[in-house]
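final.txt, holding compact mmCIF, C-alpha atoms and all ligand atoms:
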```
# COMPACT_ATOMS: atom_id res chain seq x y z
CA MET A 1 -25.17 9.03 3.63
CA SER A 2 -22.56 8.23 6.20
CA HIS A 3 -23.56 7.23 9.72
CA THR A 4 -22.71 10.60 11.20
CA GLY A 5 -21.21 13.83 10.02
CA ASP A 6 -17.89 12.73 11.51
CA TYR A 7 -17.10 10.53 8.52
CA PRO A 8 -16.67 11.00 4.78
CA SER A 9 -19.54 9.74 2.63
CA LYS A 10 -17.10 7.94 0.34
CA VAL A 11 -13.70 6.27 0.75
CA LYS A 12 -11.24 5.05 -1.88
CA ILE A 13 -9.59 1.75 -1.09
CA VAL A 14 -6.23 0.91 -2.63
CA ASP A 15 -5.66 -2.84 -2.53
CA VAL A 16 -1.93 -3.41 -2.14
CA GLY A 17 -2.21 -7.18 -1.58
CA PRO A 18 -0.75 -8.31 -4.91
CA ARG A 19 2.33 -6.17 -4.21
CA ASP A 20 2.77 -5.58 -0.47
CA GLY A 21 1.28 -8.95 0.35
CA LEU A 22 2.92 -11.17 -2.18
CA GLN A 23 6.34 -9.49 -2.02
CA ASN A 24 6.75 -11.07 1.37
CA GLU A 25 5.58 -14.62 0.76
CA LYS A 26 8.20 -17.30 1.25
CA GLN A 27 6.35 -19.53 -1.15
CA ALA A 28 6.83 -18.39 -4.74
CA LEU A 29 3.58 -18.06 -6.64
CA GLU A 30 3.11 -18.46 -10.36
CA ALA A 31 2.36 -15.30 -12.33
CA SER A 32 -0.95 -16.94 -13.24
CA ASP A 33 -1.98 -17.05 -9.55
CA LYS A 34 -1.23 -13.35 -9.20
CA ILE A 35 -3.10 -12.53 -12.39
CA ALA A 36 -6.14 -14.47 -11.19
CA LEU A 37 -6.05 -12.59 -7.88
CA ILE A 38 -5.81 -9.16 -9.51
CA ASN A 39 -8.60 -9.96 -11.98
CA GLN A 40 -10.82 -11.11 -9.11
CA LEU A 41 -10.11 -7.91 -7.18
CA ALA A 42 -11.11 -5.84 -10.19
CA GLU A 43 -14.30 -7.89 -10.53
CA ALA A 44 -15.02 -7.30 -6.84
CA GLY A 45 -15.04 -3.55 -7.51
CA LEU A 46 -11.56 -2.44 -6.42
CA GLN A 47 -10.63 0.63 -8.41
CA VAL A 48 -6.96 0.84 -7.56
CA ILE A 49 -4.89 -2.33 -7.41
CA GLU A 50 -1.16 -2.23 -6.71
CA SER A 51 -0.31 -5.09 -8.99
CA GLY A 52 3.47 -5.42 -8.83
CA SER A 53 6.82 -3.86 -8.18
CA PHE A 54 9.76 -3.12 -10.47
CA VAL A 55 12.59 -3.27 -7.96
CA ASN A 56 15.84 -5.21 -8.19
CA PRO A 57 14.70 -8.85 -8.52
CA LYS A 58 17.75 -9.94 -6.51
CA TRP A 59 16.38 -7.98 -3.56
CA VAL A 60 12.74 -9.07 -3.90
CA PRO A 61 12.53 -12.21 -6.05
CA GLN A 62 8.79 -12.53 -5.35
CA MET A 63 8.17 -9.51 -7.59
CA ALA A 64 10.42 -10.65 -10.44
CA SER A 65 7.40 -11.77 -12.43
CA SER A 66 5.76 -8.32 -12.45
CA GLU A 67 6.24 -7.92 -16.22
CA GLU A 68 4.50 -11.22 -16.82
CA VAL A 69 1.74 -10.30 -14.38
CA PHE A 70 0.97 -6.97 -16.08
CA ALA A 71 1.06 -8.60 -19.51
CA GLY A 72 -1.48 -11.23 -18.46
CA LEU A 73 -4.12 -9.00 -16.83
CA THR A 74 -7.65 -8.76 -18.15
CA ARG A 75 -7.89 -4.99 -17.95
CA LYS A 76 -11.16 -3.71 -16.57
CA SER A 77 -12.00 -0.18 -17.61
CA GLY A 78 -11.95 2.35 -14.78
CA VAL A 79 -9.44 0.30 -12.78
CA THR A 80 -5.97 1.69 -12.08
CA TYR A 81 -3.27 -0.98 -12.10
CA SER A 82 -0.31 0.55 -10.27
CA ALA A 83 3.26 -0.50 -9.48
CA LEU A 84 6.12 0.36 -7.16
CA THR A 85 9.21 1.91 -8.79
CA PRO A 86 12.38 2.71 -6.82
CA ASN A 87 14.33 4.45 -9.57
CA LEU A 88 14.33 5.33 -13.28
CA LYS A 89 15.14 1.78 -14.29
CA GLY A 90 12.08 0.56 -12.38
CA PHE A 91 9.94 3.31 -13.89
CA GLU A 92 10.98 2.34 -17.42
CA ARG A 93 10.13 -1.29 -16.71
CA ALA A 94 6.75 -0.26 -15.29
CA VAL A 95 5.85 1.87 -18.30
CA GLN A 96 6.93 -0.86 -20.67
CA ALA A 97 4.72 -3.29 -18.75
CA GLY A 98 1.75 -0.93 -18.99
CA ALA A 99 1.35 0.32 -15.41
CA ASP A 100 -1.28 3.10 -15.21
CA GLU A 101 0.28 4.70 -12.18
CA VAL A 102 3.52 4.30 -10.23
CA ALA A 103 4.64 4.85 -6.66
CA VAL A 104 8.01 5.96 -5.36
CA PHE A 105 8.86 5.03 -1.78
CA ALA A 106 10.89 6.93 0.76
CA ALA A 107 11.27 6.54 4.52
CA ALA A 108 10.89 8.93 7.42
CA SER A 109 13.96 7.39 9.06
CA GLU A 110 17.51 7.17 7.74
CA GLY A 111 18.00 3.70 9.22
CA PHE A 112 15.07 2.20 7.33
CA SER A 113 15.96 4.03 4.12
CA GLN A 114 19.37 2.35 4.13
CA LYS A 115 17.92 -1.05 4.91
CA ASN A 116 15.10 -0.92 2.38
CA ILE A 117 16.55 0.95 -0.58
CA ASN A 118 20.25 1.07 0.21
CA CYS A 119 20.63 4.84 0.35
CA SER A 120 19.94 7.90 2.51
CA ILE A 121 16.63 9.77 2.38
CA ALA A 122 18.27 12.62 0.43
CA GLU A 123 19.80 10.17 -2.06
CA SER A 124 16.43 8.45 -2.51
CA LEU A 125 14.81 11.78 -3.36
CA GLU A 126 17.59 12.42 -5.90
CA ARG A 127 16.83 9.04 -7.50
CA PHE A 128 13.15 9.94 -7.68
CA ALA A 129 13.79 13.22 -9.54
CA PRO A 130 14.30 11.60 -12.97
CA VAL A 131 11.33 9.29 -12.29
CA MET A 132 9.14 12.32 -11.63
CA GLU A 133 10.36 14.00 -14.78
CA ALA A 134 9.77 10.95 -16.96
CA ALA A 135 6.36 10.36 -15.36
CA LYS A 136 5.32 13.92 -16.03
CA ALA A 137 6.35 13.60 -19.68
CA ALA A 138 4.36 10.36 -19.96
CA SER A 139 1.38 11.76 -17.96
CA ILE A 140 1.65 8.96 -15.41
CA PRO A 141 0.51 9.90 -11.90
CA VAL A 142 3.02 9.23 -9.11
CA ARG A 143 2.09 8.33 -5.57
CA GLY A 144 4.62 8.82 -2.77
CA TYR A 145 4.95 6.37 0.08
CA ILE A 146 6.64 7.22 3.32
CA SER A 147 7.60 4.26 5.50
CA CYS A 148 8.03 4.20 9.25
CA VAL A 149 5.80 7.20 9.89
CA VAL A 150 5.39 6.40 13.59
CA GLY A 151 7.99 3.79 14.43
CA CYS A 152 11.12 2.42 12.79
CA PRO A 153 12.68 -1.01 13.39
CA VAL A 154 16.12 0.64 13.48
CA GLU A 155 15.52 4.01 15.13
CA GLY A 156 12.41 3.59 17.29
CA ARG A 157 9.93 6.47 17.58
CA ILE A 158 9.68 8.86 14.66
CA ALA A 159 8.55 12.47 15.11
CA PRO A 160 5.70 13.73 12.87
CA GLN A 161 7.96 16.58 11.79
CA GLN A 162 10.33 14.08 10.14
CA VAL A 163 7.41 12.69 8.15
CA SER A 164 6.24 16.14 7.22
CA THR A 165 9.66 17.12 5.85
CA VAL A 166 9.75 14.11 3.52
CA ALA A 167 6.08 14.55 2.54
CA ARG A 168 6.65 18.16 1.50
CA GLU A 169 9.64 17.15 -0.61
CA LEU A 170 7.68 14.39 -2.36
CA LEU A 171 4.77 16.71 -3.09
CA ALA A 172 7.11 19.42 -4.35
CA MET A 173 8.59 16.86 -6.74
CA GLY A 174 5.14 16.14 -8.16
CA CYS A 175 3.59 13.27 -6.18
CA TYR A 176 -0.19 13.70 -6.13
CA GLU A 177 -0.73 11.82 -2.87
CA ILE A 178 1.27 10.72 0.16
CA SER A 179 0.59 7.30 1.62
CA LEU A 180 1.61 7.16 5.27
CA GLY A 181 3.11 3.75 5.95
CA ASP A 182 3.05 2.31 9.44
CA THR A 183 5.47 -0.33 8.26
CA ILE A 184 5.80 -2.21 11.55
CA GLY A 185 2.24 -1.62 12.73
CA VAL A 186 3.06 0.06 16.03
CA ALA A 187 0.88 3.16 15.72
CA THR A 188 -2.13 3.72 17.98
CA ALA A 189 -5.07 6.03 17.37
CA ALA A 190 -3.33 8.67 19.48
CA ASP A 191 -0.29 8.58 17.18
CA CYS A 192 -2.54 8.91 14.13
CA GLU A 193 -4.20 11.93 15.64
CA THR A 194 -0.90 13.74 16.15
CA LEU A 195 0.53 12.68 12.80
CA ILE A 196 -2.52 13.58 10.72
CA ALA A 197 -2.99 16.86 12.58
CA THR A 198 0.61 17.81 11.75
CA LEU A 199 0.44 16.73 8.12
CA GLY A 200 -3.03 18.16 7.65
CA LYS A 201 -1.67 21.55 8.70
CA ASP A 202 1.53 21.25 6.65
CA ILE A 203 0.27 19.73 3.39
CA GLY A 204 -3.52 19.27 3.65
CA VAL A 205 -5.43 16.16 4.68
CA GLU A 206 -6.84 15.70 1.15
CA LYS A 207 -3.33 14.74 0.01
CA LEU A 208 -3.08 11.86 2.49
CA ALA A 209 -3.66 8.12 2.33
CA VAL A 210 -3.12 5.76 5.26
CA HIS A 211 -1.29 2.45 5.02
CA PHE A 212 -1.44 0.40 8.21
CA HIS A 213 0.17 -2.94 8.81
CA ASP A 214 -1.80 -4.77 11.48
CA THR A 215 1.11 -6.19 13.48
CA TYR A 216 -0.20 -4.89 16.82
CA GLY A 217 -3.89 -5.21 15.94
CA GLN A 218 -4.41 -1.44 15.83
CA ALA A 219 -5.13 -0.94 12.15
CA LEU A 220 -8.94 -0.64 12.17
CA ALA A 221 -8.89 1.74 15.13
CA ASN A 222 -6.25 3.79 13.35
CA ILE A 223 -8.26 3.88 10.14
CA LEU A 224 -11.38 4.96 12.01
CA ARG A 225 -9.48 7.81 13.67
CA SER A 226 -7.93 8.77 10.33
CA LEU A 227 -11.36 8.90 8.66
CA GLN A 228 -12.67 11.08 11.47
CA MET A 229 -9.77 13.42 10.82
CA GLY A 230 -10.62 13.77 7.15
CA VAL A 231 -8.58 11.06 5.40
CA ARG A 232 -10.41 9.63 2.35
CA VAL A 233 -7.96 7.06 0.97
CA VAL A 234 -7.15 3.79 2.72
CA ASP A 235 -4.60 1.14 1.70
CA SER A 236 -5.38 -2.44 2.62
CA SER A 237 -4.57 -5.91 1.49
CA VAL A 238 -7.00 -8.64 0.50
CA ALA A 239 -6.94 -11.47 3.08
CA GLY A 240 -4.50 -9.38 5.15
CA LEU A 241 -1.61 -10.48 3.00
CA GLY A 242 1.55 -8.53 3.53
CA GLY A 243 4.69 -7.52 5.28
CA CYS A 244 7.96 -5.94 4.37
CA PRO A 245 11.03 -8.03 3.58
CA TYR A 246 13.22 -5.37 5.23
CA ALA A 247 11.30 -4.98 8.48
CA LYS A 248 11.69 -8.12 10.58
CA GLY A 249 8.44 -9.27 12.17
CA ALA A 250 6.29 -6.92 10.08
CA THR A 251 3.03 -8.65 9.35
CA GLY A 252 0.33 -8.07 6.77
CA ASN A 253 -1.57 -4.96 5.96
CA VAL A 254 -5.03 -4.55 7.43
CA ALA A 255 -7.35 -6.89 5.52
CA THR A 256 -9.49 -5.21 2.86
CA GLU A 257 -12.46 -7.40 3.89
CA ASP A 258 -12.26 -6.03 7.44
CA VAL A 259 -12.10 -2.43 6.22
CA VAL A 260 -15.07 -2.99 3.89
CA TYR A 261 -17.11 -4.52 6.73
CA MET A 262 -16.37 -1.50 8.93
CA LEU A 263 -17.23 0.95 6.15
CA ASN A 264 -20.50 -0.92 5.51
CA GLY A 265 -21.39 -0.55 9.16
CA LEU A 266 -20.71 3.17 8.99
CA GLY A 267 -22.70 3.59 5.78
CA ILE A 268 -19.64 4.82 3.89
CA GLU A 269 -19.61 4.20 0.14
CA HIS A 270 -16.67 2.23 -1.33
CA GLY A 271 -17.94 0.35 -4.38
CA ILE A 272 -16.72 -3.11 -3.33
CA ASP A 273 -18.71 -6.34 -3.24
CA LEU A 274 -17.72 -8.06 0.01
CA GLU A 275 -18.71 -11.57 -1.15
CA LYS A 276 -16.57 -11.37 -4.29
CA LEU A 277 -13.72 -9.81 -2.35
CA MET A 278 -13.85 -12.63 0.20
CA ALA A 279 -13.81 -15.20 -2.57
CA ALA A 280 -10.64 -13.59 -3.98
CA GLY A 281 -9.01 -13.54 -0.53
CA ASN A 282 -10.02 -17.09 0.32
CA ALA A 283 -8.70 -18.35 -3.02
CA ILE A 284 -5.25 -16.78 -2.66
CA SER A 285 -5.04 -17.90 0.98
CA ALA A 286 -5.85 -21.47 -0.08
CA ARG A 287 -3.18 -21.19 -2.77
CA LEU A 288 -0.73 -20.18 -0.02
CA GLY A 289 -1.88 -23.12 2.09
CA ARG A 290 -3.45 -21.17 4.93
CA LYS A 291 -6.58 -19.48 6.21
CA SER A 292 -7.37 -15.92 5.28
CA GLN A 293 -5.97 -13.42 7.76
CA SER A 294 -9.15 -11.38 7.49
CA ARG A 295 -11.23 -11.83 10.65
CA VAL A 296 -14.37 -10.93 8.70
CA ALA A 297 -13.62 -13.49 5.97
CA VAL A 298 -12.98 -16.21 8.55
CA ALA A 299 -16.18 -15.41 10.45
CA LEU A 300 -18.43 -15.14 7.40
CA SER A 301 -16.93 -18.23 5.75
CA ALA A 302 -17.52 -20.26 8.92
CA LYS A 303 -21.15 -19.12 8.91
CA GLU A 304 -21.56 -20.19 5.29
CA ASP A 305 -19.91 -23.56 5.98
CA GLY A 306 -21.86 -24.18 9.16
P1 LIG A 401 21.14 -0.96 -5.28
O1 LIG A 401 21.75 -2.29 -5.18
O2 LIG A 401 21.63 0.11 -4.36
O3 LIG A 401 21.09 -0.41 -6.78
O4 LIG A 401 19.60 -1.12 -5.07
P2 LIG A 401 22.16 -0.09 -7.82
O5 LIG A 401 21.62 1.12 -8.52
O6 LIG A 401 23.53 -0.02 -7.23
O7 LIG A 401 22.05 -1.36 -8.80
C1 LIG A 401 22.46 -2.64 -8.41
C2 LIG A 401 21.92 -3.68 -9.39
O8 LIG A 401 20.49 -3.64 -9.33
C3 LIG A 401 22.27 -3.40 -10.85
O9 LIG A 401 22.38 -4.68 -11.51
C4 LIG A 401 21.03 -2.71 -11.36
O10 LIG A 401 20.86 -2.85 -12.75
C5 LIG A 401 19.95 -3.45 -10.63
P3 LIG A 401 23.77 -5.41 -11.75
O11 LIG A 401 24.59 -4.41 -12.52
O12 LIG A 401 24.33 -5.68 -10.38
O13 LIG A 401 23.39 -6.65 -12.48
N1 LIG A 401 18.73 -2.63 -10.49
C6 LIG A 401 17.52 -3.01 -10.94
N2 LIG A 401 17.09 -4.10 -11.60
C7 LIG A 401 15.79 -4.15 -11.93
N3 LIG A 401 14.91 -3.17 -11.64
C8 LIG A 401 15.30 -2.07 -10.99
C9 LIG A 401 16.66 -1.96 -10.62
N4 LIG A 401 17.36 -1.01 -9.98
C10 LIG A 401 18.62 -1.43 -9.91
N5 LIG A 401 14.43 -1.11 -10.69
C11 LIG A 401 17.28 -0.62 -5.15
C12 LIG A 401 18.68 -0.06 -5.04
C13 LIG A 401 16.30 0.42 -4.66
C14 LIG A 401 17.00 -0.96 -6.61
C15 LIG A 401 17.19 -1.90 -4.29
O14 LIG A 401 17.56 -1.55 -3.01
C16 LIG A 401 15.84 -2.54 -4.29
O15 LIG A 401 15.38 -3.06 -5.29
N6 LIG A 401 15.18 -2.56 -3.12
C17 LIG A 401 13.89 -3.18 -3.00
C18 LIG A 401 13.19 -2.62 -1.85
C19 LIG A 401 11.77 -3.13 -1.79
O16 LIG A 401 11.18 -3.54 -2.78
N7 LIG A 401 11.20 -3.09 -0.56
C20 LIG A 401 9.86 -3.49 -0.35
C21 LIG A 401 8.91 -2.48 -0.89
S1 LIG A 401 8.74 -1.03 0.14
C22 LIG A 401 7.51 -1.45 1.28
O17 LIG A 401 7.09 -2.56 1.34
C23 LIG A 401 6.93 -0.35 2.15
C24 LIG A 401 5.56 0.13 1.72
O18 LIG A 401 4.64 -0.94 1.67
C25 LIG A 401 5.06 1.19 2.70
C26 LIG A 401 5.15 0.73 4.16
O19 LIG A 401 4.52 -0.26 4.53
O20 LIG A 401 5.88 1.41 4.89
C27 LIG A 401 5.62 0.77 0.33
MG MG A 402 3.56 -1.74 3.34
```
If you convert what's in this file into structure tokens, what do you get?
Ligand code: HMG
Ligand code: MG
Amino acid sequence: MSHTGDYPSKVKIVDVGPRDGLQNEKQALEASDKIALINQLAEAGLQVIESGSFVNPKWVPQMASSEEVFAGLTRKSGVTYSALTPNLKGFERAVQAGADEVAVFAAASEGFSQKNINCSIAESLERFAPVMEAAKAASIPVRGYISCVVGCPVEGRIAPQQVSTVARELLAMGCYEISLGDTIGVATAADCETLIATLGKDIGVEKLAVHFHDTYGQALANILRSLQMGVRVVDSSVAGLGGCPYAKGATGNVATEDVVYMLNGLGIEHGIDLEKLMAAGNAISARLGRKSQSRVAVALSAKEDG
């Protein structure tokens, strides 16, 4: 039972740390480090793990080892190991590697679309069409990301209507879910309210996931507001890893540990073991030579140490 009727009884968490987090790390990690992280996340109870990205390795060298990563996973049954695919070439690589699910990614702003994927929004949708077709033939579910749903590093404020237009196109093409990316972490709870109200009306709240980067420290408040408005799927990143190589100053996603702690407090079911999750986050942070960016992990680890 959730704490009050204002919240869902159950939430699905998508851990994007191994992709969104590690794509942005200056320090190159071995495939074996990534494999260990993903296996630990699965053991901690995560049911969807975005495990890599099949983009041009010249653009994002950190993800060049995604084939090796997928090949080395200890697959846990019931876990979806997903990957980002920008075009048909990426989709073919993902299928070959054994991804269970893929995600295409568009932007709500033209400026960011050019910067991130080197084409206009309309061109990006054209590139996704053959991916959608091939995915349908192979029975692989496709998630659709939209970046810059509230603010864009190039264009500033983005109107919810712009997001809605792209969301409807992605759904019409066959995406089963739309993940709303606050790429530069500028959204407040008020922005979420307006955005989710608009999209809820246009496409239905059950189709939405939220993907907050915590650059301005608003992510947990935004998630709480999103849950109150009916959202049931939350993206987060173990240890708060993350950022976007094409959005200067963008920091990590909200930390999965912090989301889990909040959901525990609200009595919302999620299926994740916080201790094991923290161990995974602390291990990858140590590997990167720094402290976890999860406030909960830092606080609980200090308690254990002290
Ligand atoms: P392009 O340069 O315009 O592509 O890149 P192209 O079709 O002209 O091809 C150029 C070269 O790339 C060719 O090789 C292709 O074969 C190769 P060459 O002939 O020069 O040797 N190529 C590929 N190689 C491997 N795998 C592929 C692939 N595609 C082309 N899939 C492209 C277009 C989209 C590929 C490029 O811009 C790219 O890779 N961008 C990466 C963008 C990215 O990964 N951004 C970060 C992820 S998005 C994100 O973080 C946001 C999100 O978290 C939500 C949020 O927070 O908002 C999802
Ligand atoms: Mg992101």
Taking a cut-off of 7 Å and counting all atoms listed in the file, can you build a table that, for each residue of chain A near ligand LIG 401 (chain A), reports the nearest atom pair and how far apart they are in Å (one decimal), sorted by chain then residue number, as a Markdown table?
```
| residue | atom | partner | partner_atom | distance |
| --- | --- | --- | --- | --- |
| A:Asp20 | CA | A:LIG401 | O18 | 5.4 |
| A:Ser53 | CA | A:LIG401 | O16 | 6.9 |
| A:Phe54 | CA | A:LIG401 | N5 | 5.1 |
| A:Val55 | CA | A:LIG401 | O15 | 3.9 |
| A:Asn56 | CA | A:LIG401 | O15 | 3.6 |
| A:Pro57 | CA | A:LIG401 | C7 | 5.9 |
| A:Trp59 | CA | A:LIG401 | O15 | 5.3 |
| A:Val60 | CA | A:LIG401 | O16 | 5.9 |
| A:Thr85 | CA | A:LIG401 | N5 | 6.3 |
| A:Pro86 | CA | A:LIG401 | C13 | 5.0 |
| A:Asn87 | CA | A:LIG401 | N5 | 5.7 |
| A:Leu88 | CA | A:LIG401 | N5 | 6.9 |
| A:Lys89 | CA | A:LIG401 | N5 | 4.7 |
| A:Gly90 | CA | A:LIG401 | N5 | 3.3 |
| A:Phe105 | CA | A:LIG401 | C27 | 5.8 |
| A:Asn116 | CA | A:LIG401 | C18 | 4.9 |
| A:Ile117 | CA | A:LIG401 | O14 | 3.6 |
| A:Asn118 | CA | A:LIG401 | O2 | 4.9 |
| A:Cys119 | CA | A:LIG401 | O2 | 6.7 |
| A:Tyr145 | CA | A:LIG401 | C27 | 5.6 |
| A:Ile146 | CA | A:LIG401 | O20 | 6.1 |
| A:Ser147 | CA | A:LIG401 | O20 | 3.4 |
| A:Cys148 | CA | A:LIG401 | O20 | 5.6 |
| A:Gly181 | CA | A:LIG401 | O20 | 3.8 |
| A:Asp182 | CA | A:LIG401 | O20 | 5.4 |
| A:Thr183 | CA | A:LIG401 | O20 | 3.8 |
| A:His211 | CA | A:LIG401 | O19 | 6.4 |
| A:His213 | CA | A:LIG401 | O19 | 6.7 |
| A:Gly243 | CA | A:LIG401 | O17 | 6.8 |
| A:Cys244 | CA | A:LIG401 | O17 | 4.6 |
| A:Pro245 | CA | A:LIG401 | C20 | 6.1 |
| A:Tyr246 | CA | A:LIG401 | N7 | 6.5 |
```
Q: Identify, on the basis of all atoms listed in the file, every residue whose closest approach to A:Asn222 does not exceed 8 Å; exclude the query and any residue fewer than 2 positions from it along the same chain; express the result as a PyMOL selection string.
A: chain A and resi 187-189+192+212+218-220+224-226
Using all atoms listed in the file, collect all residues at a distance of at most 7 Å from (-6.3, -9.6, 5.9) as written in the file, then present them as a compact mmCIF listing (two decimals) with C-alpha atoms, in the frame of the given file.
```
# COMPACT_ATOMS: atom_id res chain seq x y z
CA SER A 237 -4.57 -5.91 1.49
CA VAL A 238 -7.00 -8.64 0.50
CA ALA A 239 -6.94 -11.47 3.08
CA GLY A 240 -4.50 -9.38 5.15
CA LEU A 241 -1.61 -10.48 3.00
CA GLY A 252 0.33 -8.07 6.77
CA ASN A 253 -1.57 -4.96 5.96
CA VAL A 254 -5.03 -4.55 7.43
CA ALA A 255 -7.35 -6.89 5.52
CA THR A 256 -9.49 -5.21 2.86
CA GLU A 257 -12.46 -7.40 3.89
CA SER A 292 -7.37 -15.92 5.28
CA GLN A 293 -5.97 -13.42 7.76
CA SER A 294 -9.15 -11.38 7.49
```
Q | Nearest candidate to ligand MG 402 (chain A) (options A:Leu125, A:Ala197, A:Met229, A:Val14; using only C-alpha atoms and all ligand atoms) | A |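 Residue with the minimum atom-to-atom distance to ligand MG 402 (chain A): A:Val14.
Between A:Ala31 and the candidates A:Val102, A:Val16, A:Ala64, A:Met132, the tightest atom-to-atom separation, counting all atoms listed in the file, involves A:Ala64.
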Q. Any idea what the distance is between atom CA of A:Glu126 and atom CA of A:Gly174?
A. 13.2 Å
Q | Pick from A:Gly17, A:Gly111, A:Gly265, A:Gly45 nearest to ligand MG 402 (chain A), counting only C-alpha atoms and all ligand atoms | A |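 The shortest atom-to-atom distance to ligand MG 402 (chain A) comes from A:Gly17.
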Any chance you could turn stretch 123-174 of chain A into a file with C-alpha atoms, as a compact mmCIF listing (two decimals), in the first residue's frame?
```txt
# COMPACT_ATOMS: atom_id res chain seq x y z
CA GLU A 123 15.35 13.99 -40.30
CA SER A 124 15.83 12.12 -37.03
CA LEU A 125 12.29 10.75 -37.26
CA GLU A 126 13.01 9.65 -40.85
CA ARG A 127 16.10 7.79 -39.61
CA PHE A 128 14.01 6.08 -36.93
CA ALA A 129 11.44 4.77 -39.44
CA PRO A 130 13.58 1.84 -40.65
CA VAL A 131 14.60 1.12 -37.03
CA MET A 132 10.94 0.87 -36.07
CA GLU A 133 10.23 -1.41 -38.99
CA ALA A 134 13.14 -3.72 -38.24
CA ALA A 135 12.30 -3.74 -34.52
CA LYS A 136 8.72 -4.69 -35.25
CA ALA A 137 9.87 -7.56 -37.46
CA ALA A 138 12.21 -8.76 -34.71
CA SER A 139 9.62 -8.17 -31.93
CA ILE A 140 11.96 -5.82 -30.08
CA PRO A 141 10.22 -3.11 -28.06
CA VAL A 142 11.34 0.46 -28.78
CA ARG A 143 11.37 3.24 -26.24
CA GLY A 144 11.42 6.86 -27.41
CA TYR A 145 13.43 9.52 -25.62
CA ILE A 146 12.78 13.19 -26.03
CA SER A 147 15.58 15.49 -24.86
CA CYS A 148 15.27 19.06 -23.68
CA VAL A 149 11.63 18.78 -22.67
CA VAL A 150 11.72 21.93 -20.54
CA GLY A 151 14.94 23.72 -21.40
CA CYS A 152 17.52 23.53 -24.17
CA PRO A 153 21.16 24.64 -23.95
CA VAL A 154 20.82 26.22 -27.40
CA GLU A 155 17.26 27.56 -27.49
CA GLY A 156 16.28 28.18 -23.86
CA ARG A 157 12.70 27.47 -22.75
CA ILE A 158 10.79 24.79 -24.61
CA ALA A 159 6.99 24.81 -24.82
CA PRO A 160 5.13 21.61 -23.81
CA GLN A 161 3.42 21.67 -27.20
CA GLN A 162 6.79 21.12 -28.91
CA VAL A 163 7.33 18.04 -26.76
CA SER A 164 3.84 16.80 -27.44
CA THR A 165 4.31 17.04 -31.21
CA VAL A 166 7.45 14.88 -31.12
CA ALA A 167 5.89 12.45 -28.61
CA ARG A 168 2.89 11.86 -30.84
CA GLU A 169 5.15 11.19 -33.82
CA LEU A 170 7.26 8.69 -31.87
CA LEU A 171 4.19 6.86 -30.60
CA ALA A 172 2.66 6.79 -34.07
CA MET A 173 5.87 5.19 -35.32
CA GLY A 174 5.54 2.41 -32.74
```
